[in-house]
Amino acid sequence: MRLTSLNDLPSDVTRPGYTPSEHRAGIVHLGLGAFHKAHQAVYTDTALAHSGGNWRITGVSLRSPETAAQLAPQNGLFTLIERSAEGSTARIIGSIAHAYCLGPDRAAVLDAMTAPATQIVSITVTEKGYGIDRSTGGVDTVHPAIAHDLNEPDAPVGVAGLMVWALHARHAAGVPPFTVLCCDNLPDNGTMLQGLLVDFARRALPEVANHIANDVAFPSTMVDRITPAATDATLAAAARMTGHADAAAIETEAFSQWVIEDHFPTGRPYWESAGAMFVADVKPYEEMKLRMLNGAHSMLAYAGFLAGCTHVADVMANPVLNLLVRRHLAAAAATLPQLAGVDFEHYADALIARFSNPHLHHQTYQIAMDGTEKLPQRILAPALDAQAAGQPLAPFAFAVAAWMRYTLGRTETDETYALRDPRAEELTQLTRDQTPQTIVKNLMSLPSLFPDALAEDDTFVQMVVTRLTTMMQDGMTQALTSEQAAP
Ligand code: CS2
């Protein structure tokens, strides 16, 4: 029987501590993926149980109809499986009130975004979903959704277009703006998104640009929960644990963190009841997370994938890679300013334990996706700081070389794989049949990727060339051994 209600669930399955149908939606979420379901939907579920309110979520997929097709017939209910070293637990989440896909459900999505009851619009569309030009902070006019929406601002398909359209419609109707909550792994994500929307508005709907610049709240956030893509095994586990077929089940780790700037003029759920931390400045938390967790993740994904490790836990079981992950965490930590109440060594130890969780099947290939969108904040920003402070650059040079080796699109046994990067074509053109030296030179000259101070630092460039040469000529295993021996 399909999961459609909270009836007939085994007693060890946790259910919502409230009656979902008694709460209306107050949040629209764009990017209804596994991460949202494992993170914000769960915090909201706990907050609804704790202090009620009309804070359920209208979830929207911008492109893929799959998630809405899974959730809608289940009345938004889904199983969250939490996997820790101690075992697995199942919980039913009830915070999603509606699940839509923009294409077929456009009218319902636009209604929800303009409804006075909507107080917050939150977003997880991954780094590449926004269409930011990193060198200006404004829109990237060749990004397909940006290009489309600049041309047709009344029929938006992307984040910037939809948000600006909705804020404009509300403003024109005298409805107060919603608060915009960006939950993607980008630096200064609130400020970044505000800059993007203001620039989009100036070009497409200039009459609303000042309103967005002056009257709309964009709190920044740091979000954290490792959430592998769901597989058939996830669905089978959910069926076993709940006794119901659940097409929308997901699995995640037990750990979860959310640090948010407390700037919600339109109100918000009592997310602190689920452990969210409200602070005046998110930046130090976000840098810690992007540079340590995500930086080490990217490094281990490229090196691990090429060394034949399918899952992150396999990487951690390789003694040399394990050491290099620890080295990377220490190098990233050294670039961070002190953060009151946080010990970076403990944080690094906790990350090692999380990455090593054998019950979480998190693929290196999943993390390897979209390298050109991830490298700047994860690897290049800390490398720049390390360079300025005279700290060791080898860990960052190794990570960069591993990414460059990955962009060749061939495993060591000569199997091809899709790069899954918005700049995949450029990457392939710049690297095909080239020497390590030329590959480094070409990739470092990609517009808006490598900061000049790194691309023009001969020592750093040579460190990357040496490492890429070993990776290409002798293989990743040899490169790992040489790296371990490197000073
Ligand atoms: C990962 C993140 O796929 C990736 O790039 O580094 O999704 C990571 O699992 C999350 O940020 C953890 O919070």
# chains A, B, ... in the order shown; residues from 1 in each chain; ligands from 1
call {"tool": "residues_around", "arguments": {"residues": "range 277-285 of chain A", "least_positions_apart": "5", "cutoff": "6 Å", "atoms": "only C-alpha atoms", "output": "list in words"}}
result
Val259, Ile260, Glu261 and Asp262 of chain A
call {"tool": "residues_around", "arguments": {"residues": "Tyr347 in chain A", "least_positions_apart": "6", "cutoff": "10 Å", "atoms": "only C-alpha atoms", "output": "VMD selection string"}}
result
chain A and resid 288 to 289 292 to 293 329 333 353
call {"tool": "residues_near_ligand", "arguments": {"ligand": "ligand 1", "cutoff": "7 Å", "atoms": "only C-alpha atoms and all ligand atoms", "output": "list in words"}}
result
Asn185, Val223, Asp224, Arg225, Ile226, Thr227, Leu293, Asn294, His297, Ser298, Gln366, Ile367 and Ala368 of chain A
call {"tool": "write_last_selection", "arguments": {"atoms": "N, CA and C atoms", "output": "mmCIF file, in the first residue's frame"}}
result
data_model
loop_
_atom_site.group_PDB
_atom_site.id
_atom_site.type_symbol
_atom_site.label_atom_id
_atom_site.label_comp_id
_atom_site.auth_asym_id
_atom_site.auth_seq_id
_atom_site.Cartn_x
_atom_site.Cartn_y
_atom_site.Cartn_z
ATOM 1 N N ASN A 185 25.119 26.145 -1.293
ATOM 2 C CA ASN A 185 26.491 26.249 -0.793
ATOM 3 C C ASN A 185 27.286 27.303 -1.538
ATOM 4 N N VAL A 223 24.101 25.796 5.306
ATOM 5 C CA VAL A 223 23.290 24.578 5.411
ATOM 6 C C VAL A 223 24.198 23.361 5.375
ATOM 7 N N ASP A 224 23.855 22.334 6.114
ATOM 8 C CA ASP A 224 24.702 21.148 6.107
ATOM 9 C C ASP A 224 23.935 19.882 6.471
ATOM 10 N N ARG A 225 23.897 18.981 5.555
ATOM 11 C CA ARG A 225 23.466 17.604 5.799
ATOM 12 C C ARG A 225 23.850 16.789 4.563
ATOM 13 N N ILE A 226 24.657 15.771 4.756
ATOM 14 C CA ILE A 226 25.105 14.960 3.625
ATOM 15 C C ILE A 226 23.948 14.068 3.179
ATOM 16 N N THR A 227 23.526 14.265 1.930
ATOM 17 C CA THR A 227 22.325 13.581 1.435
ATOM 18 C C THR A 227 22.601 12.957 0.075
ATOM 19 N N LEU A 293 34.383 21.141 4.937
ATOM 20 C CA LEU A 293 33.566 20.022 4.455
ATOM 21 C C LEU A 293 33.556 19.957 2.928
ATOM 22 N N ASN A 294 33.093 21.016 2.290
ATOM 23 C CA ASN A 294 32.920 20.940 0.839
ATOM 24 C C ASN A 294 34.262 20.901 0.103
ATOM 25 N N HIS A 297 35.496 17.456 0.441
ATOM 26 C CA HIS A 297 34.619 16.623 -0.369
ATOM 27 C C HIS A 297 35.021 16.655 -1.842
ATOM 28 N N SER A 298 35.242 17.867 -2.369
ATOM 29 C CA SER A 298 35.589 17.958 -3.784
ATOM 30 C C SER A 298 36.928 17.281 -4.045
ATOM 31 N N GLN A 366 28.792 11.751 -7.683
ATOM 32 C CA GLN A 366 27.772 12.780 -7.403
ATOM 33 C C GLN A 366 28.452 14.092 -6.983
ATOM 34 N N ILE A 367 29.433 13.994 -6.109
ATOM 35 C CA ILE A 367 30.092 15.207 -5.603
ATOM 36 C C ILE A 367 30.957 15.850 -6.693
ATOM 37 N N ALA A 368 31.488 15.001 -7.596
ATOM 38 C CA ALA A 368 32.393 15.506 -8.648
ATOM 39 C C ALA A 368 31.680 16.414 -9.649
#
call {"tool": "closest_residue", "arguments": {"among": "A:Pro206, A:Gly53, A:Pro436, A:Gly138", "to": "Pro153 in chain A", "atoms": "only C-alpha atoms"}}
result
A:Pro206
call {"tool": "closest_residue", "arguments": {"among": "A:Ser61, A:Gln429, A:Thr46, A:Gln70", "to": "Leu235 in chain A", "atoms": "only C-alpha atoms"}}
result
A:Gln70
call {"tool": "select_by_dssp", "arguments": {"residues": "range 125-327 of chain A", "states": "helix (DSSP H, G or I)", "output": "PyMOL selection string"}}
result
chain A and resi 127-129+144-151+159-173+189-204+206-215+232-242+271-274+283-306+312-317+319-327
call {"tool": "select_by_dssp", "arguments": {"residues": "range 157-302 of chain A", "states": "strand (DSSP E or B)", "output": "list in words"}}
result
Thr179, Val180, Leu181, Cys182, Thr221, Met222, Val223, Asp224, Ala245, Ile250, Glu251, Thr252, Glu253, Gln257, Trp258, Val259, Ile260, Glu261, Met277, Phe278 and Val279 of chain A
call {"tool": "decode", "arguments": {"residues": "range 181-194 of chain A", "atoms": "all heavy atoms", "output": "CSV table (one decimal), in the first residue's frame"}}
result
chain,number,residue,atom,x,y,z
A,181,LEU,N,15.2,33.3,1.0
A,181,LEU,CA,16.1,32.5,1.8
A,181,LEU,C,16.9,31.5,0.9
A,181,LEU,O,16.4,30.5,0.5
A,181,LEU,CB,15.3,31.7,2.9
A,181,LEU,CG,16.1,30.9,3.9
A,181,LEU,CD1,16.9,31.9,4.8
A,181,LEU,CD2,15.1,30.1,4.8
A,182,CYS,N,18.2,31.9,0.6
A,182,CYS,CA,19.0,31.0,-0.2
A,182,CYS,C,19.7,30.0,0.6
A,182,CYS,O,20.3,30.3,1.6
A,182,CYS,CB,20.0,31.9,-0.9
A,182,CYS,SG,21.1,30.9,-2.0
A,183,CYS,N,19.5,28.7,0.2
A,183,CYS,CA,20.1,27.6,1.0
A,183,CYS,C,21.0,26.8,0.2
A,183,CYS,O,21.1,25.5,0.3
A,183,CYS,CB,19.0,26.7,1.6
A,183,CYS,SG,17.9,27.6,2.8
A,184,ASP,N,21.8,27.4,-0.7
A,184,ASP,CA,22.8,26.7,-1.5
A,184,ASP,C,24.2,27.0,-1.0
A,184,ASP,O,24.4,28.1,-0.3
A,184,ASP,CB,22.7,27.1,-3.0
A,184,ASP,CG,21.6,26.2,-3.7
A,184,ASP,OD1,21.8,25.0,-3.7
A,184,ASP,OD2,20.6,26.7,-4.2
A,185,ASN,N,25.1,26.1,-1.3
A,185,ASN,CA,26.5,26.2,-0.8
A,185,ASN,C,27.3,27.3,-1.5
A,185,ASN,O,28.3,27.0,-2.2
A,185,ASN,CB,27.2,24.9,-1.0
A,185,ASN,CG,26.7,23.9,0.0
A,185,ASN,OD1,26.6,24.1,1.2
A,185,ASN,ND2,26.6,22.6,-0.5
A,186,LEU,N,26.9,28.5,-1.4
A,186,LEU,CA,27.5,29.6,-2.1
A,186,LEU,C,27.9,30.7,-1.1
A,186,LEU,O,27.2,30.8,-0.1
A,186,LEU,CB,26.6,30.3,-3.1
A,186,LEU,CG,26.4,29.5,-4.4
A,186,LEU,CD1,25.1,29.9,-5.1
A,186,LEU,CD2,27.6,29.8,-5.3
A,187,PRO,N,29.1,31.4,-1.3
A,187,PRO,CA,29.5,32.3,-0.3
A,187,PRO,C,28.6,33.5,-0.2
A,187,PRO,O,28.1,34.0,-1.3
A,187,PRO,CB,30.9,32.7,-0.8
A,187,PRO,CG,31.0,32.3,-2.2
A,187,PRO,CD,30.0,31.2,-2.4
A,188,ASP,N,28.3,34.0,1.0
A,188,ASP,CA,27.4,35.2,1.2
A,188,ASP,C,26.1,35.0,0.4
A,188,ASP,O,25.7,35.8,-0.4
A,188,ASP,CB,28.1,36.5,0.7
A,188,ASP,CG,29.1,37.0,1.6
A,188,ASP,OD1,28.9,36.8,2.8
A,188,ASP,OD2,30.1,37.6,1.2
A,189,ASN,N,25.5,33.8,0.6
A,189,ASN,CA,24.4,33.5,-0.4
A,189,ASN,C,23.3,34.4,-0.4
A,189,ASN,O,22.7,34.7,-1.5
A,189,ASN,CB,24.0,32.0,-0.2
A,189,ASN,CG,23.6,31.6,1.2
A,189,ASN,OD1,23.4,32.5,2.0
A,189,ASN,ND2,23.4,30.3,1.4
A,190,GLY,N,22.9,35.1,0.7
A,190,GLY,CA,21.8,36.0,0.7
A,190,GLY,C,22.2,37.3,-0.1
A,190,GLY,O,21.5,37.7,-1.0
A,191,THR,N,23.3,37.8,0.2
A,191,THR,CA,23.8,39.0,-0.4
A,191,THR,C,24.0,38.8,-1.9
A,191,THR,O,23.7,39.6,-2.8
A,191,THR,CB,25.1,39.5,0.2
A,191,THR,OG1,25.0,39.3,1.6
A,191,THR,CG2,25.5,40.9,-0.2
A,192,MET,N,24.6,37.6,-2.2
A,192,MET,CA,24.8,37.2,-3.6
A,192,MET,C,23.5,37.2,-4.4
A,192,MET,O,23.4,37.8,-5.5
A,192,MET,CB,25.5,35.8,-3.6
A,192,MET,CG,25.8,35.2,-4.8
A,192,MET,SD,24.5,34.3,-5.7
A,192,MET,CE,23.7,33.2,-4.6
A,193,LEU,N,22.5,36.6,-3.8
A,193,LEU,CA,21.2,36.5,-4.5
A,193,LEU,C,20.5,37.9,-4.6
A,193,LEU,O,20.0,38.1,-5.7
A,193,LEU,CB,20.3,35.5,-3.7
A,193,LEU,CG,19.0,35.2,-4.4
A,193,LEU,CD1,19.2,34.7,-5.8
A,193,LEU,CD2,18.2,34.1,-3.6
A,194,GLN,N,20.7,38.7,-3.6
A,194,GLN,CA,20.1,40.0,-3.7
A,194,GLN,C,20.7,40.8,-4.9
A,194,GLN,O,20.0,41.4,-5.7
A,194,GLN,CB,20.3,40.8,-2.4
A,194,GLN,CG,19.6,42.2,-2.5
A,194,GLN,CD,19.4,42.8,-1.1
A,194,GLN,OE1,20.2,42.6,-0.2
A,194,GLN,NE2,18.4,43.7,-1.0
